[in-house]
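Here is the file target.tsv (TSV, C-alpha atoms and all ligand atoms).
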chain	number	residue	atom	x	y	z
S	12	MET	CA	-14.44	10.92	-10.23
S	13	HIS	CA	-12.10	13.54	-11.65
S	14	PRO	CA	-12.31	14.24	-15.42
S	15	ALA	CA	-8.58	13.50	-15.92
S	16	GLU	CA	-9.00	9.93	-14.62
S	17	PRO	CA	-7.29	7.44	-16.96
S	18	LYS	CA	-8.82	4.15	-18.12
S	19	ARG	CA	-9.45	1.71	-15.28
S	20	LEU	CA	-10.00	-2.04	-15.22
S	21	VAL	CA	-12.42	-3.05	-12.47
S	22	LEU	CA	-10.64	-5.63	-10.29
S	23	ALA	CA	-11.19	-4.53	-6.69
S	24	GLN	CA	-14.35	-4.87	-4.59
S	25	LEU	CA	-15.22	-1.20	-4.18
S	26	PRO	CA	-16.20	0.80	-2.28
S	27	THR	CA	-14.53	-0.78	0.72
S	28	PRO	CA	-16.44	-0.30	3.98
S	29	VAL	CA	-15.73	2.30	6.66
S	30	VAL	CA	-16.31	0.74	10.09
S	31	GLU	CA	-16.39	1.98	13.69
S	32	LEU	CA	-13.95	0.45	16.15
S	33	LYS	CA	-16.12	0.90	19.22
S	34	ASN	CA	-14.16	-1.30	21.61
S	35	LEU	CA	-10.83	0.29	20.80
S	36	ALA	CA	-12.30	3.82	20.96
S	37	ARG	CA	-13.71	3.06	24.40
S	38	GLN	CA	-10.36	1.70	25.54
S	39	LEU	CA	-8.60	4.84	24.29
S	40	GLY	CA	-11.23	7.08	25.88
S	41	ILE	CA	-12.19	8.80	22.63
S	42	PRO	CA	-15.69	9.13	21.12
S	43	ARG	CA	-15.00	7.58	17.71
S	44	LEU	CA	-12.35	5.72	15.72
S	45	LEU	CA	-12.95	4.64	12.13
S	46	VAL	CA	-11.18	2.23	9.78
S	47	LYS	CA	-11.35	2.33	6.00
S	48	ARG	CA	-11.12	-1.39	5.21
S	49	ASP	CA	-8.89	-1.50	2.15
S	50	ASP	CA	-7.74	-4.88	3.42
S	51	LEU	CA	-11.11	-5.99	1.98
S	52	THR	CA	-10.50	-5.05	-1.67
S	53	GLY	CA	-10.60	-8.79	-2.42
S	54	LEU	CA	-9.05	-12.00	-1.09
S	55	GLU	CA	-6.32	-12.89	-3.58
S	56	LEU	CA	-6.28	-9.23	-4.62
S	57	SER	CA	-6.48	-7.85	-1.07
S	58	GLY	CA	-4.88	-4.62	0.09
S	59	ASN	CA	-3.90	-1.28	-1.37
S	60	LYS	CA	-1.89	-2.44	-4.38
S	61	ILE	CA	-4.95	-3.60	-6.27
S	62	ARG	CA	-6.35	-0.05	-6.48
S	63	LYS	CA	-3.17	1.07	-8.24
S	64	LEU	CA	-3.05	-2.01	-10.45
S	65	GLU	CA	-6.54	-1.31	-11.80
S	66	TYR	CA	-5.04	1.58	-13.78
S	67	ILE	CA	-1.69	-0.01	-14.58
S	68	VAL	CA	-3.13	-3.25	-15.90
S	69	ALA	CA	-5.72	-1.31	-17.95
S	70	ASP	CA	-2.79	0.49	-19.60
S	71	ALA	CA	-0.92	-2.81	-20.11
S	72	LEU	CA	-3.93	-4.34	-21.89
S	73	THR	CA	-4.39	-1.21	-24.04
S	74	LYS	CA	-0.78	-1.63	-25.12
S	75	GLY	CA	-1.32	-5.28	-26.05
S	76	ALA	CA	0.74	-6.74	-23.20
S	77	THR	CA	0.67	-10.49	-22.62
S	78	ALA	CA	3.10	-10.55	-19.68
S	79	LEU	CA	3.43	-8.45	-16.51
S	80	VAL	CA	6.94	-7.86	-15.15
S	81	SER	CA	7.49	-6.45	-11.66
S	82	HIS	CA	9.55	-6.82	-8.49
S	83	GLY	CA	9.62	-6.39	-4.72
S	84	GLY	CA	10.63	-8.02	-1.45
S	85	PHE	CA	10.04	-11.78	-1.17
S	86	GLN	CA	6.87	-11.19	0.92
S	87	SER	CA	5.66	-8.38	-1.36
S	88	ASN	CA	1.89	-7.83	-1.30
S	89	HIS	CA	2.24	-6.01	-4.59
S	90	CYS	CA	3.86	-9.02	-6.28
S	91	ARG	CA	1.21	-11.40	-4.90
S	92	ALA	CA	-1.61	-9.17	-6.19
S	93	THR	CA	0.14	-8.98	-9.58
S	94	ALA	CA	0.50	-12.78	-9.71
S	95	ALA	CA	-3.21	-13.23	-8.95
S	96	ILE	CA	-4.28	-10.69	-11.60
S	97	GLY	CA	-2.06	-12.43	-14.14
S	98	ALA	CA	-3.76	-15.75	-13.45
S	99	ARG	CA	-7.21	-14.15	-13.68
S	100	LEU	CA	-6.50	-12.35	-16.94
S	101	ARG	CA	-4.37	-15.12	-18.45
S	102	LEU	CA	-1.27	-12.94	-18.58
S	103	ALA	CA	2.18	-14.37	-17.81
S	104	VAL	CA	3.77	-12.90	-14.66
S	105	ARG	CA	7.53	-12.54	-14.18
S	106	LEU	CA	8.68	-11.41	-10.73
S	107	PHE	CA	12.16	-10.79	-9.38
S	108	LEU	CA	12.26	-10.80	-5.62
S	109	ARG	CA	14.70	-9.49	-3.01
S	110	THR	CA	15.76	-11.93	-0.30
S	111	ALA	CA	18.88	-12.39	1.78
S	112	GLU	CA	18.22	-16.14	1.91
S	113	PRO	CA	19.00	-18.38	-1.09
S	114	SER	CA	15.79	-20.38	-0.67
S	115	PRO	CA	13.26	-18.52	1.49
S	116	ALA	CA	10.40	-20.43	3.13
S	117	LEU	CA	7.44	-20.82	0.76
S	118	ASP	CA	5.05	-19.12	3.11
S	119	GLY	CA	2.59	-16.19	3.05
S	120	ASN	CA	2.71	-14.12	-0.15
S	121	LEU	CA	5.62	-16.10	-1.60
S	122	PHE	CA	3.62	-19.32	-1.36
S	123	LEU	CA	0.78	-17.60	-3.22
S	124	ASP	CA	3.09	-16.20	-5.94
S	125	HIS	CA	4.05	-19.79	-6.72
S	126	LEU	CA	0.50	-21.08	-6.45
S	127	PHE	CA	-0.69	-18.44	-8.96
S	128	GLY	CA	1.98	-19.69	-11.35
S	129	ALA	CA	4.30	-16.66	-11.52
S	130	GLU	CA	7.82	-17.11	-12.89
S	131	ILE	CA	10.14	-16.10	-10.06
S	132	THR	CA	13.84	-15.45	-9.50
S	133	TYR	CA	15.50	-14.52	-6.19
S	134	HIS	CA	18.20	-11.92	-5.77
S	135	THR	CA	20.35	-10.78	-2.88
S	136	PRO	CA	19.70	-7.24	-1.60
S	137	GLU	CA	23.05	-6.14	-3.15
S	138	GLU	CA	22.14	-7.49	-6.56
S	139	TYR	CA	18.52	-6.31	-6.35
S	140	ASN	CA	19.50	-2.76	-5.42
S	141	GLY	CA	22.75	-2.48	-7.35
S	142	ARG	CA	21.80	-4.09	-10.65
S	143	ARG	CA	18.11	-3.15	-10.84
S	144	GLN	CA	18.09	-1.99	-14.46
S	145	GLU	CA	19.97	-5.09	-15.64
S	146	LEU	CA	17.45	-7.31	-13.87
S	147	ILE	CA	14.54	-5.45	-15.46
S	148	ASP	CA	16.12	-5.69	-18.93
S	149	ALA	CA	16.84	-9.40	-18.51
S	150	ALA	CA	13.27	-10.10	-17.35
S	151	MET	CA	11.82	-8.13	-20.29
S	152	ASP	CA	14.15	-9.88	-22.77
S	153	SER	CA	13.25	-13.34	-21.46
S	154	GLN	CA	9.55	-12.58	-21.98
S	155	ARG	CA	10.14	-11.33	-25.52
S	156	ALA	CA	12.21	-14.43	-26.25
S	157	ALA	CA	9.21	-16.51	-25.13
S	158	GLY	CA	7.08	-14.69	-27.72
S	159	ARG	CA	5.28	-12.43	-25.23
S	160	VAL	CA	4.69	-8.69	-25.08
S	161	PRO	CA	5.99	-7.66	-21.65
S	162	TYR	CA	4.84	-4.64	-19.63
S	163	PHE	CA	6.94	-3.43	-16.70
S	164	PHE	CA	5.94	-1.56	-13.55
S	165	PRO	CA	8.08	-1.01	-10.44
S	166	VAL	CA	7.73	-2.12	-6.83
S	167	GLY	CA	4.48	-1.01	-5.18
S	168	ALA	CA	3.04	0.17	-8.54
S	169	SER	CA	3.90	3.66	-7.32
S	170	VAL	CA	3.98	5.47	-10.66
S	171	PRO	CA	1.70	8.34	-11.82
S	172	LEU	CA	-0.94	5.92	-13.19
S	173	GLY	CA	-0.95	4.03	-9.89
S	174	CYS	CA	-1.61	7.24	-7.91
S	175	TRP	CA	-5.11	7.25	-9.36
S	176	GLY	CA	-5.97	4.31	-7.14
S	177	TYR	CA	-5.83	6.53	-4.08
S	178	ILE	CA	-7.29	9.58	-5.79
S	179	ARG	CA	-10.31	7.30	-6.34
S	180	CYS	CA	-10.17	6.19	-2.70
S	181	VAL	CA	-10.53	9.86	-1.64
S	182	ALA	CA	-13.60	10.16	-3.89
S	183	GLU	CA	-15.03	7.11	-2.08
S	184	LEU	CA	-14.29	8.59	1.34
S	185	VAL	CA	-15.95	11.85	0.30
S	186	GLU	CA	-19.11	9.82	-0.43
S	187	GLN	CA	-18.81	7.88	2.82
S	188	LEU	CA	-17.79	10.61	5.29
S	189	GLY	CA	-18.32	13.95	3.55
S	190	LYS	CA	-15.61	16.33	2.40
S	191	ASP	CA	-16.49	18.86	5.10
S	192	THR	CA	-16.20	16.38	7.98
S	193	PRO	CA	-12.94	16.94	9.84
S	194	ILE	CA	-10.95	13.70	9.75
S	195	ASP	CA	-7.35	12.87	10.62
S	196	LEU	CA	-6.54	10.03	8.22
S	197	PHE	CA	-3.51	7.83	9.00
S	198	CYS	CA	-1.76	5.38	6.66
S	199	ALA	CA	1.50	3.46	6.20
S	200	VAL	CA	4.02	4.93	3.73
S	201	SER	CA	6.71	3.05	1.84
S	202	SER	CA	6.80	3.25	-1.97
S	203	VAL	CA	4.61	6.39	-1.51
S	204	GLY	CA	1.94	5.80	-4.18
S	205	THR	CA	-0.83	5.49	-1.61
S	206	TYR	CA	0.09	8.65	0.29
S	207	THR	CA	0.71	10.69	-2.88
S	208	GLY	CA	-2.67	9.65	-4.29
S	209	LEU	CA	-4.36	10.65	-1.04
S	210	ILE	CA	-2.89	14.16	-0.89
S	211	LEU	CA	-3.62	14.73	-4.59
S	212	GLY	CA	-7.20	13.50	-4.12
S	213	LYS	CA	-7.68	15.71	-1.06
S	214	ALA	CA	-6.63	18.75	-3.11
S	215	LEU	CA	-8.59	17.78	-6.24
S	216	PHE	CA	-11.83	17.23	-4.32
S	217	GLY	CA	-11.41	20.21	-1.96
S	218	CYS	CA	-11.36	18.29	1.32
S	219	ASP	CA	-10.10	21.27	3.27
S	220	GLN	CA	-11.14	19.84	6.64
S	221	TRP	CA	-9.03	16.71	6.19
S	222	ARG	CA	-5.56	16.05	7.48
S	223	ILE	CA	-3.58	13.19	5.97
S	224	VAL	CA	-0.86	11.77	8.18
S	225	GLY	CA	1.62	9.28	6.74
S	226	VAL	CA	3.56	6.87	8.94
S	227	PRO	CA	6.85	5.85	7.28
S	228	VAL	CA	7.61	2.15	7.72
S	229	SER	CA	10.79	1.83	5.66
S	230	ASP	CA	12.72	5.07	5.10
S	231	SER	CA	13.26	8.41	6.81
S	232	VAL	CA	10.76	11.25	6.70
S	233	ASP	CA	13.20	13.32	4.60
S	234	SER	CA	13.76	10.63	2.02
S	235	LEU	CA	10.06	9.71	1.71
S	236	SER	CA	9.04	13.39	1.51
S	237	ARG	CA	11.35	13.74	-1.48
S	238	ASP	CA	9.83	10.61	-3.03
S	239	VAL	CA	6.30	11.99	-2.50
S	240	ARG	CA	7.20	15.35	-4.10
S	241	ASP	CA	8.84	13.59	-7.04
S	242	LEU	CA	5.88	11.27	-7.70
S	243	GLU	CA	3.46	14.16	-7.17
S	244	ARG	CA	5.32	16.37	-9.68
S	245	ARG	CA	5.30	13.61	-12.30
S	246	THR	CA	1.60	12.83	-11.75
S	247	VAL	CA	0.52	16.48	-11.88
S	248	ALA	CA	2.51	16.95	-15.11
S	249	GLU	CA	1.36	13.74	-16.81
S	250	PHE	CA	-2.34	14.39	-16.15
S	251	ASN	CA	-2.36	18.22	-16.17
S	252	LEU	CA	-3.80	18.39	-12.67
S	253	GLY	CA	-2.88	22.06	-12.18
S	254	LEU	CA	-1.82	21.62	-8.54
S	255	SER	CA	1.23	23.04	-6.78
S	256	GLU	CA	3.09	21.89	-3.67
S	257	ALA	CA	1.24	24.57	-1.70
S	258	ASP	CA	-2.03	22.72	-2.44
S	259	THR	CA	-0.69	19.43	-1.07
S	260	PRO	CA	0.93	19.73	2.36
S	261	ILE	CA	2.89	16.65	3.40
S	262	GLU	CA	2.68	15.40	6.97
S	263	LEU	CA	4.83	12.38	7.75
S	264	ILE	CA	5.54	11.37	11.35
S	265	ASP	CA	8.80	9.93	12.57
S	266	GLY	CA	9.53	7.21	15.09
S	267	PHE	CA	7.64	4.10	13.99
S	268	ILE	CA	9.99	2.35	11.55
S	269	GLY	CA	11.97	0.49	14.19
S	270	GLU	CA	15.24	-0.94	12.87
S	271	GLY	CA	14.08	-0.96	9.28
S	272	TYR	CA	11.71	-2.22	6.62
S	273	ALA	CA	10.00	-5.50	7.51
S	274	ILE	CA	11.77	-5.66	10.89
S	275	PRO	CA	9.02	-5.69	13.53
S	276	TYR	CA	9.49	-4.36	17.06
S	277	PRO	CA	7.72	-5.32	20.31
S	278	GLU	CA	5.31	-2.37	20.42
S	279	ALA	CA	4.14	-3.02	16.84
S	280	ILE	CA	3.65	-6.73	17.61
S	281	GLU	CA	1.64	-5.70	20.66
S	282	THR	CA	-0.51	-3.53	18.35
S	283	VAL	CA	-1.26	-6.58	16.16
S	284	ARG	CA	-2.39	-8.44	19.27
S	285	LEU	CA	-4.47	-5.46	20.48
S	286	LEU	CA	-6.42	-5.13	17.21
S	287	ALA	CA	-6.91	-8.89	17.00
S	288	ARG	CA	-8.29	-9.13	20.54
S	289	THR	CA	-10.30	-5.93	20.85
S	290	GLU	CA	-11.78	-5.83	17.34
S	291	GLY	CA	-11.08	-9.15	15.58
S	292	ILE	CA	-9.10	-7.29	12.91
S	293	LEU	CA	-5.80	-8.51	11.46
S	294	LEU	CA	-2.84	-6.20	10.91
S	295	ASP	CA	0.43	-7.16	9.24
S	296	PRO	CA	3.87	-6.83	10.86
S	297	THR	CA	5.53	-4.86	8.02
S	298	TYR	CA	3.11	-2.00	7.31
S	299	THR	CA	-0.16	-1.73	9.18
S	300	ALA	CA	1.16	-2.72	12.63
S	301	LYS	CA	3.68	0.12	12.48
S	302	ALA	CA	1.18	2.60	11.01
S	303	MET	CA	-1.45	1.75	13.63
S	304	THR	CA	1.18	2.07	16.37
S	305	GLY	CA	1.88	5.56	15.00
S	306	MET	CA	-1.79	6.45	15.03
S	307	LEU	CA	-2.46	5.10	18.55
S	308	THR	CA	0.61	6.88	19.92
S	309	THR	CA	-0.52	10.13	18.28
S	310	ILE	CA	-4.01	9.74	19.80
S	311	ARG	CA	-2.57	9.03	23.26
S	312	ARG	CA	-0.33	12.09	23.04
S	313	GLY	CA	-3.32	14.28	22.13
S	314	GLY	CA	-2.00	14.74	18.59
S	315	VAL	CA	-5.34	14.29	16.80
S	316	ARG	CA	-7.24	17.57	16.31
S	317	PRO	CA	-9.91	17.85	19.02
S	318	ASN	CA	-12.78	18.24	16.53
S	319	ALA	CA	-11.54	15.55	14.12
S	320	ILE	CA	-12.39	11.84	13.84
S	321	PRO	CA	-9.29	9.66	13.61
S	322	VAL	CA	-9.53	7.31	10.60
S	323	PHE	CA	-7.09	4.49	9.89
S	324	LEU	CA	-6.58	3.42	6.29
S	325	HIS	CA	-6.10	-0.36	6.55
S	326	THR	CA	-3.91	-1.18	3.56
S	327	GLY	CA	-3.98	-4.98	3.98
S	328	GLY	CA	-1.16	-7.49	4.37
S	329	ALA	CA	-2.79	-10.44	6.16
S	330	PHE	CA	-0.76	-13.00	4.20
S	331	GLY	CA	2.43	-11.38	5.48
S	332	LEU	CA	1.16	-11.92	9.03
S	333	MET	CA	0.75	-15.64	8.31
S	334	ALA	CA	4.42	-15.77	7.27
S	335	ARG	CA	5.47	-14.29	10.65
S	336	ARG	CA	3.64	-16.52	13.12
S	337	ASP	CA	7.06	-16.98	14.76
S	338	LEU	CA	6.76	-13.46	16.25
S	339	PHE	CA	3.80	-14.53	18.34
S	340	THR	CA	4.48	-18.11	19.46
S	341	SER	CA	5.78	-17.20	22.91
S	342	GLN	CA	2.59	-15.45	24.03
S	343	THR	CA	-0.33	-16.26	21.75
S	401	LIG	C1	2.65	-1.61	-0.06
S	401	LIG	C2	1.90	-1.53	1.21
S	401	LIG	C3	1.79	-0.32	1.93
S	401	LIG	C4	2.50	0.94	1.53
S	401	LIG	O1	1.92	1.58	0.45
S	401	LIG	P1	2.84	2.44	-0.54
S	401	LIG	O2	1.92	2.92	-1.58
S	401	LIG	O3	3.90	1.50	-1.04
S	401	LIG	O4	3.47	3.55	0.25
S	401	LIG	C5	1.03	-0.30	3.09
S	401	LIG	N1	0.42	-1.43	3.53
S	401	LIG	C6	0.51	-2.61	2.90
S	401	LIG	C7	-0.16	-3.79	3.48
S	401	LIG	C8	1.26	-2.69	1.71
S	401	LIG	O5	1.35	-3.89	1.07

Target format structure tokens, applied to this file:
Amino acid sequence: MHPAEPKRLVLAQLPTPVVELKNLARQLGIPRLLVKRDDLTGLELSGNKIRKLEYIVADALTKGATALVSHGGFQSNHCRATAAIGARLRLAVRLFLRTAEPSPALDGNLFLDHLFGAEITYHTPEEYNGRRQELIDAAMDSQRAAGRVPYFFPVGASVPLGCWGYIRCVAELVEQLGKDTPIDLFCAVSSVGTYTGLILGKALFGCDQWRIVGVPVSDSVDSLSRDVRDLERRTVAEFNLGLSEADTPIELIDGFIGEGYAIPYPEAIETVRLLARTEGILLDPTYTAKAMTGMLTTIRRGGVRPNAIPVFLHTGGAFGLMARRDLFTSQT
């Protein structure tokens, strides 16, 4: 790993495997298609968030924290992973969750948040977005009042420390595929920590033959590009990485969000069914179904470099799929 790597707490099952999707490649008429299985970082701790939390929770423990405070949507994978870590490390977990419904169904990740014993409050999108700082302060105060030392991190754990999770993932991929092997790596982008870590890692480890393509699933290419640059700037400064924007080209592709975050569309649902039936692999309707739709469409349009192997970074989310069985009932 890179010498500037901060302290890490080992929580994830690493390295995650890289597997060939032979059936899907054959169906697409291409020689190879690979998946980096970051959905297999653990069961309770599955998905991409756990790589970021390894660094964040290490910092929390160094600072003497006894409670973790965070937030996200009511089916947040990040919040579920945080709740599970809290239970494992005997830290209290306080989550505030965004939901338009006063009492959302206790299904998928939300069911697990409760099962892991997190303290949870629900907030309307207006309150969650408009009064964010007040909600953070109130959550921190309530933990202090209970005699705990709270440690806060934002939605998706996409802060400079969290970026190290995907810098490490690049180091793993270098071991598994080689830094001189041309690959076109695709992943979902939302709170941008995963994508920012990947482009920093690519630059730090000199993977000049790699192309890293992000598929936005929540916000526009312009807005997420700004978020990536902002997080990149902060990470480079905080850890003295000595990189400039010229070292880290951003490539985000438009057209796969649908109507908005966590709103699936028919083509993405069809992609879930395709991966399930051709490869026995689960995607989730919020992130990976849209990202895989972006990758498959790019392949079909001839948008992968002719000498490159397409690689999909599977960022997890299976519990979110369980909460959306309703999308499939008519045909499954
Ligand atoms: C959070 C999440 C993402 C997006 O990663 P960011 O670092 O937030 O951009 C992708 N896939 C899944 C399953 C996620 O939970």

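Residues lying at most 10 Å from (15.2, 1.9, 8.9) in file coordinates, with all atoms listed in the file considered, are Pro227, Val228, Ser229, Asp230, Ser231, Gly266, Phe267, Ile268, Gly269, Glu270, Gly271, Tyr272, Ala273 and Ile274 of chain S.
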
Export of the given selection (C-alpha atoms) as a short mmCIF file (atom, residue, chain, number, x, y, z; two decimals), in the frame of the given file:
data_model
loop_
_atom_site.label_atom_id
_atom_site.label_comp_id
_atom_site.auth_asym_id
_atom_site.auth_seq_id
_atom_site.Cartn_x
_atom_site.Cartn_y
_atom_site.Cartn_z
CA PRO S 227 6.85 5.85 7.28
CA VAL S 228 7.61 2.15 7.72
CA SER S 229 10.79 1.83 5.66
CA ASP S 230 12.72 5.07 5.10
CA SER S 231 13.26 8.41 6.81
CA GLY S 266 9.53 7.21 15.09
CA PHE S 267 7.64 4.10 13.99
CA ILE S 268 9.99 2.35 11.55
CA GLY S 269 11.97 0.49 14.19
CA GLU S 270 15.24 -0.94 12.87
CA GLY S 271 14.08 -0.96 9.28
CA TYR S 272 11.71 -2.22 6.62
CA ALA S 273 10.00 -5.50 7.51
CA ILE S 274 11.77 -5.66 10.89
#

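Between ligand LIG 401 (chain S) and the residues S:Val239, S:Leu146, S:Leu286, S:Ile280, the shortest atom-to-atom distance, using only C-alpha atoms and all ligand atoms, involves S:Val239.
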
### Query
Within 6 Å of ligand LIG 401 (chain S), counting all atoms listed in the file: which residues, as a PyMOL selection string?
chain S and resi 58+88+167+199-205+298-299+326-328

### Query
Nearest to S:Trp175: which of S:Leu35, S:Leu209, S:Leu44, S:Cys218 is it, counting all atoms listed in the file?
S:Leu209

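Distance annotation: of S:Met333, S:Ile310, S:Val104, S:Ala23, the residue with the minimal separation from S:Asp195 is S:Ile310; atom set is all atoms listed in the file.
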
### Message
Residues near S:Pro113, anyone? I mean within 10 Å using all atoms listed in the file, not counting same-chain ones fewer than 4 positions away, as a count of residues only.
### Response
3

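A distance cut-off of 8 Å around (-0.3, -19.1, -10.6), counting only C-alpha atoms, selects these protein and nucleic acid residues: Ala94, Ala95, Gly97, Ala98, Leu123, Asp124, His125, Leu126, Phe127, Gly128 and Ala129 of chain S.
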
### Task
Tell me, as a PyMOL selection string, which residues lie within 10 Å of S:Phe122, counting only C-alpha atoms; anything in the same chain fewer than 6 positions away does not count.
chain S and resi 85-86+91+116+330+334

### Message
Env of S:Leu72: 12 Å cut, atoms = all atoms listed in the file, seq-sep filter 2 positions within chain, self excluded. Answer as JSON, numbers by chain.
### Response
{"S": [18, 19, 20, 64, 65, 66, 67, 68, 69, 70, 74, 75, 76, 77, 78, 79, 97, 100, 101, 102, 160, 161, 162]}

### Query
Between atom CA of S:Thr259 and atom CA of S:Ile210, what is the distance, to one decimal in Å?
5.7 Å

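Here atom CA of S:Arg99 stands at a distance of 24.3 Å from atom CA of S:Pro28.
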
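The spacing separating atom CA of S:Lys47 from atom CA of S:Leu324 amounts to 4.9 Å.
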
### Message
With distances taken over all atoms listed in the file, which residue among S:Ala156, S:Val224, S:Val185, S:Cys90 lies nearest S:Ala168?
### Response
S:Cys90

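Comparing S:Gly83, S:Pro171, S:Gly53, S:Gly305 by their smallest distance to S:Pro321, the closest is S:Gly305 (using only C-alpha atoms).
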
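Checking S:Leu121, S:Asn318, S:Thr282, S:Ala149 one by one against S:Thr192, counting all atoms listed in the file, you find the shortest gap at S:Asn318.
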